[in-house]
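File shown here: run32.txt, holding compact mmCIF, C-alpha atoms and all ligand atoms.
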```txt
# COMPACT_ATOMS: atom_id res chain seq x y z
CA MET A 1 -68.76 -16.44 5.50
CA LYS A 2 -69.48 -18.69 8.44
CA ASN A 3 -72.35 -20.98 9.23
CA ARG A 4 -73.29 -22.23 12.65
CA GLU A 5 -71.00 -25.26 12.70
CA GLU A 6 -67.93 -23.36 11.62
CA LEU A 7 -68.65 -20.67 14.14
CA SER A 8 -68.91 -23.13 17.04
CA LYS A 9 -65.48 -24.59 16.25
CA GLU A 10 -63.49 -21.46 16.96
CA PRO A 11 -63.23 -19.13 19.93
CA VAL A 12 -64.82 -15.73 19.38
CA ALA A 13 -62.78 -12.65 20.12
CA PRO A 14 -64.57 -10.57 22.78
CA LEU A 15 -65.85 -7.07 22.14
CA ALA A 16 -66.51 -5.82 25.66
CA ALA A 17 -63.37 -3.81 26.46
CA ASP A 18 -63.44 -1.90 23.15
CA LEU A 19 -67.18 -1.37 23.36
CA HIS A 20 -67.10 0.01 26.92
CA ARG A 21 -64.38 2.48 25.92
CA TRP A 22 -66.27 3.52 22.80
CA TYR A 23 -69.54 3.92 24.71
CA ALA A 24 -67.95 6.12 27.41
CA GLN A 25 -66.94 8.62 24.75
CA ASN A 26 -69.78 8.40 22.25
CA HIS A 27 -73.11 7.54 23.85
CA ARG A 28 -76.14 9.80 23.74
CA VAL A 29 -77.43 11.13 27.03
CA LEU A 30 -81.07 10.02 27.30
CA PRO A 31 -83.50 10.15 30.23
CA TRP A 32 -83.82 6.36 30.47
CA ARG A 33 -80.06 5.77 30.50
CA GLY A 34 -78.05 5.34 33.69
CA ILE A 35 -81.15 4.62 35.78
CA THR A 36 -82.13 1.40 37.53
CA ASP A 37 -85.89 2.02 37.80
CA ALA A 38 -87.27 -1.07 36.06
CA TYR A 39 -90.65 0.61 35.43
CA ARG A 40 -89.11 3.54 33.53
CA ILE A 41 -86.70 1.28 31.65
CA TRP A 42 -89.65 -0.87 30.63
CA ILE A 43 -91.66 2.13 29.38
CA SER A 44 -88.68 3.40 27.37
CA GLU A 45 -88.03 -0.03 25.84
CA ILE A 46 -91.65 -0.46 24.76
CA ILE A 47 -91.81 3.05 23.28
CA LEU A 48 -88.54 2.53 21.41
CA GLN A 49 -89.51 -0.86 19.96
CA GLN A 50 -90.83 0.62 16.72
CA THR A 51 -90.10 4.28 17.25
CA ARG A 52 -87.05 6.43 16.62
CA VAL A 53 -85.33 7.93 19.66
CA VAL A 54 -86.08 11.53 18.61
CA GLN A 55 -89.81 10.85 18.47
CA GLY A 56 -89.83 8.50 21.47
CA TYR A 57 -88.14 11.08 23.71
CA GLU A 58 -91.20 13.35 24.01
CA TYR A 59 -93.60 10.45 24.42
CA TYR A 60 -91.45 8.94 27.16
CA ASN A 61 -91.30 12.20 29.12
CA ARG A 62 -95.05 12.74 28.82
CA PHE A 63 -95.82 9.15 29.73
CA VAL A 64 -93.70 8.93 32.88
CA SER A 65 -94.72 12.37 34.04
CA ARG A 66 -98.43 11.38 33.76
CA PHE A 67 -97.86 7.83 35.08
CA PRO A 68 -94.74 7.97 37.26
CA ASP A 69 -94.97 4.40 38.55
CA VAL A 70 -96.54 1.08 37.76
CA ARG A 71 -99.44 1.57 40.18
CA SER A 72 -100.53 4.82 38.57
CA LEU A 73 -100.42 3.18 35.14
CA ALA A 74 -102.37 0.14 36.37
CA ALA A 75 -105.12 2.47 37.66
CA ALA A 76 -105.26 4.49 34.43
CA ASP A 77 -108.27 4.82 32.19
CA ASP A 78 -107.74 2.81 28.96
CA ASP A 79 -108.83 5.70 26.75
CA GLU A 80 -106.40 8.12 28.40
CA VAL A 81 -103.48 5.75 27.79
CA MET A 82 -104.47 5.30 24.14
CA LYS A 83 -104.76 9.07 23.74
CA LEU A 84 -101.29 9.55 25.22
CA TRP A 85 -99.99 6.95 22.78
CA GLN A 86 -101.69 8.56 19.77
CA GLY A 87 -99.28 9.05 16.88
CA LEU A 88 -96.77 6.41 17.99
CA GLY A 89 -98.46 3.60 16.04
CA TYR A 90 -98.36 -0.12 16.91
CA TYR A 91 -101.10 0.39 19.46
CA SER A 92 -100.89 -3.16 20.79
CA ARG A 93 -97.88 -1.85 22.70
CA ALA A 94 -100.09 0.52 24.71
CA ARG A 95 -102.70 -2.17 25.35
CA ASN A 96 -100.01 -4.55 26.56
CA LEU A 97 -98.45 -1.89 28.79
CA LEU A 98 -101.76 -1.48 30.57
CA ALA A 99 -102.36 -5.22 30.86
CA ALA A 100 -98.83 -5.78 32.18
CA ALA A 101 -99.07 -2.94 34.72
CA ARG A 102 -102.30 -4.45 36.05
CA GLN A 103 -100.64 -7.86 36.31
CA VAL A 104 -97.71 -6.35 38.22
CA VAL A 105 -100.21 -5.05 40.76
CA GLU A 106 -102.22 -8.28 40.91
CA ARG A 107 -99.43 -10.85 40.74
CA PHE A 108 -96.45 -9.01 42.25
CA GLY A 109 -98.09 -6.65 44.74
CA GLY A 110 -97.25 -3.56 42.70
CA GLU A 111 -93.47 -4.18 42.71
CA PHE A 112 -91.92 -4.64 39.28
CA PRO A 113 -90.65 -8.26 39.09
CA THR A 114 -86.93 -8.80 39.57
CA THR A 115 -86.21 -12.07 37.76
CA TYR A 116 -85.90 -12.63 34.03
CA ASP A 117 -88.65 -15.27 33.96
CA ASP A 118 -91.15 -13.14 35.89
CA ILE A 119 -90.41 -10.12 33.71
CA ARG A 120 -90.72 -12.27 30.56
CA SER A 121 -94.11 -13.57 31.75
CA LEU A 122 -95.75 -10.13 31.42
CA PRO A 123 -97.83 -9.25 28.33
CA GLY A 124 -95.92 -7.53 25.54
CA ILE A 125 -92.51 -8.48 26.93
CA GLY A 126 -90.46 -10.78 24.72
CA ASP A 127 -86.91 -12.11 25.05
CA TYR A 128 -85.29 -8.85 24.03
CA THR A 129 -87.25 -6.58 26.40
CA ALA A 130 -86.92 -9.00 29.32
CA ALA A 131 -83.13 -9.16 28.80
CA ALA A 132 -82.93 -5.36 28.54
CA ILE A 133 -84.88 -4.74 31.75
CA ALA A 134 -83.14 -7.56 33.67
CA SER A 135 -79.66 -6.38 32.70
CA PHE A 136 -80.18 -2.59 32.86
CA ALA A 137 -82.21 -2.50 36.08
CA TYR A 138 -80.80 -5.48 38.02
CA GLY A 139 -77.44 -6.28 36.39
CA LEU A 140 -78.60 -9.81 35.50
CA PRO A 141 -76.50 -11.65 32.88
CA HIS A 142 -78.90 -11.73 29.93
CA ALA A 143 -77.71 -10.72 26.46
CA VAL A 144 -80.01 -8.55 24.35
CA VAL A 145 -80.49 -9.39 20.69
CA ASP A 146 -82.24 -6.67 18.70
CA GLY A 147 -81.83 -5.39 15.14
CA ASN A 148 -78.68 -3.49 16.08
CA VAL A 149 -77.11 -6.54 17.68
CA TYR A 150 -77.93 -8.75 14.68
CA ARG A 151 -76.31 -6.23 12.37
CA VAL A 152 -73.14 -5.64 14.39
CA LEU A 153 -72.49 -9.30 15.16
CA SER A 154 -73.29 -10.54 11.67
CA ARG A 155 -70.82 -8.04 10.20
CA ILE A 156 -67.96 -8.35 12.67
CA TYR A 157 -68.07 -12.16 12.74
CA GLY A 158 -69.14 -12.57 9.10
CA ILE A 159 -72.26 -14.64 9.74
CA ASP A 160 -74.68 -15.03 6.86
CA VAL A 161 -77.25 -17.29 8.51
CA PRO A 162 -80.59 -15.47 7.89
CA ILE A 163 -81.61 -13.65 11.04
CA ASP A 164 -85.33 -14.28 10.52
CA THR A 165 -85.04 -18.07 10.74
CA THR A 166 -85.07 -20.37 13.77
CA GLU A 167 -81.51 -21.32 12.95
CA GLY A 168 -80.44 -17.67 12.74
CA LYS A 169 -82.08 -16.77 16.01
CA LYS A 170 -80.27 -19.64 17.74
CA VAL A 171 -76.89 -18.74 16.26
CA PHE A 172 -77.09 -15.10 17.24
CA ALA A 173 -78.57 -15.74 20.70
CA ALA A 174 -75.72 -18.17 21.46
CA LEU A 175 -73.06 -15.79 20.16
CA ALA A 176 -74.53 -12.80 22.02
CA ASP A 177 -74.57 -14.85 25.22
CA GLU A 178 -71.00 -15.98 24.73
CA LEU A 179 -69.82 -12.40 24.20
CA LEU A 180 -71.77 -10.90 27.12
CA ASP A 181 -69.67 -9.09 29.71
CA ARG A 182 -70.91 -10.79 32.86
CA ARG A 183 -69.32 -8.20 35.15
CA ASN A 184 -71.37 -5.40 33.58
CA PRO A 185 -74.10 -6.93 31.42
CA GLY A 186 -76.32 -3.83 31.40
CA GLY A 187 -73.51 -1.50 30.34
CA TYR A 188 -72.29 -3.96 27.73
CA ASN A 189 -75.77 -4.47 26.24
CA GLN A 190 -76.32 -0.72 26.03
CA ALA A 191 -72.92 -0.19 24.42
CA LEU A 192 -73.46 -2.88 21.77
CA MET A 193 -76.87 -1.50 20.79
CA GLU A 194 -75.64 2.09 20.81
CA PHE A 195 -72.73 1.12 18.57
CA GLY A 196 -75.21 -0.41 16.10
CA ALA A 197 -77.52 2.61 16.31
CA LEU A 198 -74.82 5.26 15.81
CA TYR A 199 -71.91 3.64 14.01
CA CYS A 200 -72.63 0.30 12.40
CA VAL A 201 -75.87 1.58 10.87
CA PRO A 202 -77.81 -0.24 8.12
CA ARG A 203 -76.68 2.00 5.24
CA SER A 204 -73.26 3.64 4.97
CA PRO A 205 -71.81 2.57 8.34
CA GLN A 206 -68.76 4.47 9.55
CA CYS A 207 -66.25 1.76 8.72
CA GLY A 208 -63.46 4.29 8.16
CA GLY A 209 -62.97 5.16 11.83
CA CYS A 210 -64.47 1.99 13.28
CA ILE A 211 -62.86 0.44 16.36
CA PHE A 212 -63.47 -3.02 14.89
CA ALA A 213 -62.25 -2.24 11.36
CA ASP A 214 -59.17 -4.46 11.68
CA ARG A 215 -61.21 -7.53 12.63
CA CYS A 216 -64.55 -6.96 10.88
CA MET A 217 -65.16 -9.89 8.52
CA ALA A 218 -67.76 -8.03 6.49
CA LEU A 219 -65.36 -5.17 5.84
CA ALA A 220 -62.52 -7.55 4.97
CA THR A 221 -64.68 -9.44 2.48
CA ASP A 222 -66.54 -6.41 1.09
CA ARG A 223 -69.93 -7.67 2.28
CA VAL A 224 -70.94 -4.87 4.62
CA ASP A 225 -74.02 -4.04 2.52
CA GLU A 226 -75.10 -7.68 2.36
CA LEU A 227 -75.16 -8.37 6.10
CA PRO A 228 -77.23 -9.22 7.99
CA VAL A 229 -79.09 -11.59 5.67
CA LYS A 230 -82.88 -11.82 5.79
CA GLN A 231 -84.78 -14.67 4.24
CA GLY A 232 -88.39 -13.64 3.92
CA ARG A 233 -90.14 -10.43 3.22
CA THR A 234 -93.50 -9.63 4.79
CA VAL A 235 -96.40 -9.81 2.36
CA VAL A 236 -98.06 -6.42 2.28
CA LYS A 237 -101.81 -6.56 1.73
CA PRO A 238 -103.77 -3.59 0.37
CA ARG A 239 -106.99 -2.44 2.08
CA TYR A 240 -109.43 0.23 0.92
CA PHE A 241 -110.96 2.50 3.58
CA ASN A 242 -113.60 5.11 2.77
CA TYR A 243 -114.17 7.40 5.74
CA PHE A 244 -117.00 9.87 6.26
CA TYR A 245 -116.80 12.89 8.51
CA VAL A 246 -120.53 13.18 9.07
CA ARG A 247 -122.01 16.41 10.40
CA HIS A 248 -125.50 17.14 11.63
CA GLU A 249 -126.47 20.00 13.96
CA GLY A 250 -122.97 20.36 15.45
CA ASN A 251 -122.53 16.62 15.98
CA THR A 252 -120.41 13.97 14.36
CA TRP A 253 -120.02 10.19 14.80
CA LEU A 254 -117.19 7.91 15.91
CA ARG A 255 -116.79 4.32 16.98
CA ARG A 256 -114.14 2.39 18.84
CA ARG A 257 -112.46 -0.30 16.75
CA GLU A 258 -112.84 -3.76 18.26
CA GLY A 259 -111.76 -7.29 17.38
CA ARG A 260 -108.49 -8.66 16.09
CA ASP A 261 -107.64 -6.01 13.55
CA ILE A 262 -105.42 -2.97 13.25
CA TRP A 263 -106.00 0.02 15.57
CA ARG A 264 -108.00 -1.92 18.17
CA ASN A 265 -109.40 0.44 20.86
CA LEU A 266 -108.74 3.54 18.76
CA TYR A 267 -111.66 5.64 17.54
CA GLU A 268 -112.54 6.15 13.91
CA LEU A 269 -115.01 7.94 11.67
CA PRO A 270 -117.82 6.03 9.93
CA LEU A 271 -116.10 3.62 7.58
CA ILE A 272 -117.00 1.64 4.50
CA GLU A 273 -114.22 -0.80 3.67
CA THR A 274 -114.22 -2.16 0.13
CA ALA A 275 -112.33 -4.96 -1.61
CA GLU A 276 -110.94 -2.54 -4.18
CA GLU A 277 -111.01 1.16 -4.91
CA GLU A 278 -114.61 2.31 -5.42
CA PRO A 279 -115.83 5.73 -6.54
CA LEU A 280 -118.33 7.62 -4.40
CA ASP A 281 -121.37 6.94 -6.58
CA SER A 282 -120.74 3.23 -6.33
CA LEU A 283 -120.44 3.47 -2.52
CA GLN A 284 -123.74 5.34 -2.44
CA GLN A 285 -125.51 2.41 -4.13
CA GLY A 286 -124.30 -0.13 -1.56
CA GLU A 287 -125.90 -1.65 1.53
CA ALA A 288 -123.28 -0.23 3.91
CA TRP A 289 -124.19 3.29 2.80
CA ALA A 290 -127.91 2.63 3.18
CA SER A 291 -127.36 1.33 6.69
CA LEU A 292 -125.16 4.25 7.83
CA PHE A 293 -127.39 6.96 6.40
CA ALA A 294 -130.83 5.44 7.03
CA GLY A 295 -133.28 8.17 8.02
CA ALA A 296 -130.82 10.96 7.22
CA GLY A 297 -132.99 12.68 4.60
CA ARG A 298 -130.95 14.65 2.10
CA VAL A 299 -127.26 13.71 2.28
CA SER A 300 -124.76 16.13 0.75
CA VAL A 301 -121.27 14.87 0.18
CA SER A 302 -118.49 17.31 -0.52
CA ALA A 303 -115.76 16.26 -2.90
CA GLN A 304 -113.30 13.88 -1.33
CA VAL A 305 -111.15 16.19 0.77
CA TYR A 306 -108.27 13.93 1.64
CA ALA A 307 -106.79 10.80 0.11
CA CYS A 308 -103.58 9.02 0.95
CA LYS A 309 -101.75 5.73 1.10
CA HIS A 310 -101.02 4.88 4.70
CA VAL A 311 -98.29 2.26 5.05
CA LEU A 312 -98.24 -0.09 8.03
CA SER A 313 -95.83 -2.99 8.52
CA HIS A 314 -98.03 -5.55 6.73
CA ARG A 315 -100.81 -3.42 5.23
CA ILE A 316 -101.18 -0.53 2.85
CA ILE A 317 -104.34 1.40 3.57
CA HIS A 318 -105.69 3.26 0.55
CA ALA A 319 -107.81 5.84 2.33
CA ARG A 320 -110.33 8.42 1.17
CA PHE A 321 -112.09 10.88 3.42
CA TYR A 322 -115.34 12.67 2.57
CA VAL A 323 -117.22 15.38 4.43
CA VAL A 324 -120.94 14.69 4.65
CA GLU A 325 -123.80 16.92 5.84
CA THR A 326 -127.16 15.30 6.57
CA GLU A 327 -130.60 16.89 6.72
CA LYS A 328 -131.79 14.67 9.58
CA GLU A 329 -130.00 12.58 12.17
CA PRO A 330 -128.52 9.50 10.43
CA ALA A 331 -128.86 5.98 11.88
CA MET A 332 -125.09 5.27 12.16
CA PRO A 333 -125.46 1.83 13.78
CA GLY A 334 -122.47 1.01 16.03
CA TYR A 335 -121.28 4.63 16.14
CA VAL A 336 -121.62 7.14 18.96
CA ARG A 337 -122.70 10.71 18.45
CA ILE A 338 -120.38 13.36 19.86
CA ALA A 339 -120.16 17.13 19.59
CA VAL A 340 -117.86 18.16 16.74
CA GLY A 341 -115.70 20.17 19.17
CA GLN A 342 -114.96 17.04 21.23
CA ILE A 343 -113.36 15.03 18.46
CA GLY A 344 -109.86 15.94 19.66
CA ASP A 345 -110.52 14.19 22.98
CA TYR A 346 -110.58 10.77 21.33
CA ALA A 347 -107.53 8.67 20.45
CA VAL A 348 -107.47 8.09 16.70
CA SER A 349 -105.02 6.49 14.27
CA ARG A 350 -102.30 8.57 12.70
CA LEU A 351 -104.19 8.31 9.42
CA THR A 352 -107.31 9.94 10.87
CA GLU A 353 -105.19 12.46 12.76
CA GLY A 354 -103.67 13.49 9.41
CA PHE A 355 -107.13 14.01 7.93
CA LEU A 356 -108.32 16.08 10.91
CA GLU A 357 -105.20 18.24 10.75
CA LYS A 358 -105.72 18.84 7.06
CA LEU A 359 -109.35 19.67 7.63
CA SER A 360 -108.65 22.13 10.44
CA MET A 361 -106.06 23.87 8.27
CA ASN A 362 -108.09 24.05 5.06
CA TYR A 363 -111.66 24.14 6.33
CA PRO A 364 -111.57 25.59 9.88
CA SER A 365 -115.32 26.32 9.72
CA LEU A 366 -115.99 22.57 9.79
CA PHE A 367 -114.75 22.32 13.41
S1 LIG B 401 -66.11 -1.97 10.13
FE1 LIG B 401 -68.07 -1.18 9.41
S2 LIG B 401 -69.36 -2.96 9.21
FE2 LIG B 401 -67.63 -3.56 10.47
S3 LIG B 401 -68.32 -3.24 12.57
FE3 LIG B 401 -67.30 -1.38 11.93
S4 LIG B 401 -68.92 -0.06 11.16
FE4 LIG B 401 -69.75 -2.14 11.24
```
I need this file expressed as structure tokens, please.
Amino acid sequence: MKNREELSKEPVAPLAADLHRWYAQNHRVLPWRGITDAYRIWISEIILQQTRVVQGYEYYNRFVSRFPDVRSLAAADDDEVMKLWQGLGYYSRARNLLAAARQVVERFGGEFPTTYDDIRSLPGIGDYTAAAIASFAYGLPHAVVDGNVYRVLSRIYGIDVPIDTTEGKKVFAALADELLDRRNPGGYNQALMEFGALYCVPRSPQCGGCIFADRCMALATDRVDELPVKQGRTVVKPRYFNYFYVRHEGNTWLRRREGRDIWRNLYELPLIETAEEEPLDSLQQGEAWASLFAGAGRVSVSAQVYACKHVLSHRIIHARFYVVETEKEPAMPGYVRIAVGQIGDYAVSRLTEGFLEKLSMNYPSLF
């Protein structure tokens, strides 16, 4: 295996000609491919950051049909954008899209910027996305480095520098830049990523018929499964959410999540978060319960109707949902009262969406 110094001592064999040929015969036809509209390329790249193509496809079509250009997005209502994003997760992407669209209008007169540095200066756009937009839309010579690129390059060139270190990022950025086809950077970038997405996949890559099989270091040294190398693993922290679907005279209560926490700007049901799992009777003794249900008279809680573990990138949410009927209107400080039938108009997390779906299937009378 090679480290950075060894790598810099030898010329690297280019990939471009083989990749272009492979791409011409194997690529998927997708609505954001073969276009030069920077706005649409940007939307597709943000949607695809943490989303599989199959799922992203529908969201992309809905998004660009509702907001066909950067001006229409900049003028959009925040809640409508969040609702359109519902189910995709990683909601900071939607918030950044809105902020960036508004900056494009304010700083660039509504025209999507055309240089790498200006594109990179927008919220939510990092090195990868800026290189993708600059090369796909404007043919600028910037190499993309995403998970696919790390995997393909680490295997073909046999590099075991961990990709999640400063050193690793430098090594791969330099190699990707050296390999970039400067006559067709956009096409080359697409081809390299598509090869990683379809052929040189994380588990069981198609080494048998691979165009690089005769020069792939990982294959030659039987280390395909070990590359790329990652140093650290994200620490996953558990959280315990107890949600209450509260009903009184055809109304229920929601609030918008604020602050620097997960699901900012999404709506949620009344919540009591605890440090560990707590049974209902213990929750009912606590101050949070007393505050939510002050003045509510008799409070009847059905058995917990939905419980699940919801896994996010750095959190596991242990969630329980209860249905609650109150005799009088509860205090619900910080929550807004809405008609039960309107709950579907609000953007909620995928966790809450799952609960509402379950409820509508099993207890349709509660809607
Ligand atoms: S031979 Fe296998 S590991 Fe090497 S580039 Fe091809 S698909 Fe990837």
Per-axis box centre and lengths in Å around ligand LIG 401 (chain B), 6 Å margin per side, axis-aligned, as AutoDock Vina command-line options:
```
--center_x -67.9 --center_y -1.8 --center_z 10.9 --size_x 15.6 --size_y 15.5 --size_z 15.4
```
Inset, instruction - Could the residues that lie within 7 Å of ligand LIG 401 (chain B), counting only C-alpha atoms and all ligand atoms, be listed as a PyMOL selection string? - result: chain A and resi 152+155-156+199-200+205-207+210-213+216+218-219+224
Legend entry - Non-local contacts of Met217 (chain A) (10 Å; all atoms listed in the file; under 6 positions in same chain excluded) as an MDAnalysis selection string: chainID A and resid 1:2 153:159 223:224
Inset, instruction - With a distance cut-off of 12 Å and all atoms listed in the file, select the neighbouring residues of region 350-358 of chain A, excluding the residue or stretch itself and same-chain residues fewer than 2 positions from it, and output the selection as number ranges by chain. - result: A: 83, 85-91, 241-245, 254, 262-263, 266-271, 304-312, 316-323, 340-341, 343-348, 360-364, 366-367
Inset, instruction - Could you jot down the CA of Glu226 (chain A) to CA of Ile46 (chain A) separation for me, Å, one decimal place? - result: 28.8 Å
Legend entry - Straight-line distance linking CA of Arg71 (chain A) with CA of Ala100 (chain A), stated in Å to one decimal: 10.9 Å
At most 7 Å is the cut-off: for each residue in region 129-236 of chain A with any atom that close to an atom of region 13-37 of chain A, write down the nearest atom pair and the distance in Å rounded to one decimal, counting only C-alpha atoms, chain first then increasing number, as a tab-separated table.
```
residue	atom	partner	partner_atom	distance
A:Phe136	CA	A:Thr36	CA	6.4
A:Ala137	CA	A:Thr36	CA	4.2
A:Leu179	CA	A:Pro14	CA	5.7
A:Asp181	CA	A:Ala16	CA	6.1
A:Tyr188	CA	A:Ala16	CA	6.4
A:Ala191	CA	A:Tyr23	CA	5.3
A:Leu192	CA	A:Leu19	CA	6.7
A:Glu194	CA	A:His27	CA	6.7
```
Inset, instruction - Would you list the contacts of Ala339 (chain A) as a PyMOL selection string, taking every protein, DNA or RNA residue within 8 Å and counting all atoms listed in the file, but skipping same-chain residues closer than 2 positions in sequence? - result: chain A and resi 250-252+337+341-343
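Separating CA of Arg315 (chain A) from CA of Asp164 (chain A) is a distance of 19.6 Å.
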Legend entry - Contacts of Ile43 (chain A) within 9 Å, all atoms listed in the file, excl. fewer than 6 positions in-chain, as an MDAnalysis selection string: chainID A and resid 32 60 63:64 97
Legend entry - Residue neighbourhood Ala99 (chain A), 12 Å, only C-alpha atoms, exclusion window fewer than 6 positions, as a PyMOL selection string: chain A and resi 70-71+73-78+81+92-93+105-107+121-125
Counting all atoms listed in the file, which residues have an atom no more than 12 Å from (-101.9, -6.4, -2.7) in the file's coordinates? Please list them as a PDB file with C-alpha atoms, keeping the file's coordinate frame.
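Written file, selection-v9.pdb:
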```
ATOM      1  CA  THR A 234     -93.500  -9.630   4.790  1.00  0.00           C
ATOM      2  CA  VAL A 235     -96.400  -9.810   2.360  1.00  0.00           C
ATOM      3  CA  VAL A 236     -98.060  -6.420   2.280  1.00  0.00           C
ATOM      4  CA  LYS A 237    -101.810  -6.560   1.730  1.00  0.00           C
ATOM      5  CA  PRO A 238    -103.770  -3.590   0.370  1.00  0.00           C
ATOM      6  CA  ARG A 239    -106.990  -2.440   2.080  1.00  0.00           C
ATOM      7  CA  TYR A 240    -109.430   0.230   0.920  1.00  0.00           C
ATOM      8  CA  ALA A 275    -112.330  -4.960  -1.610  1.00  0.00           C
ATOM      9  CA  GLU A 276    -110.940  -2.540  -4.180  1.00  0.00           C
ATOM     10  CA  HIS A 314     -98.030  -5.550   6.730  1.00  0.00           C
ATOM     11  CA  ARG A 315    -100.810  -3.420   5.230  1.00  0.00           C
ATOM     12  CA  ILE A 316    -101.180  -0.530   2.850  1.00  0.00           C
ATOM     13  CA  ILE A 317    -104.340   1.400   3.570  1.00  0.00           C
ATOM     14  CA  HIS A 318    -105.690   3.260   0.550  1.00  0.00           C
TER      15      HIS A 318
END
```
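Using all atoms listed in the file, the smallest distance between any of A:Glu278, A:Glu258, A:Glu80, A:Glu327 and Phe67 (chain A) comes from A:Glu80.
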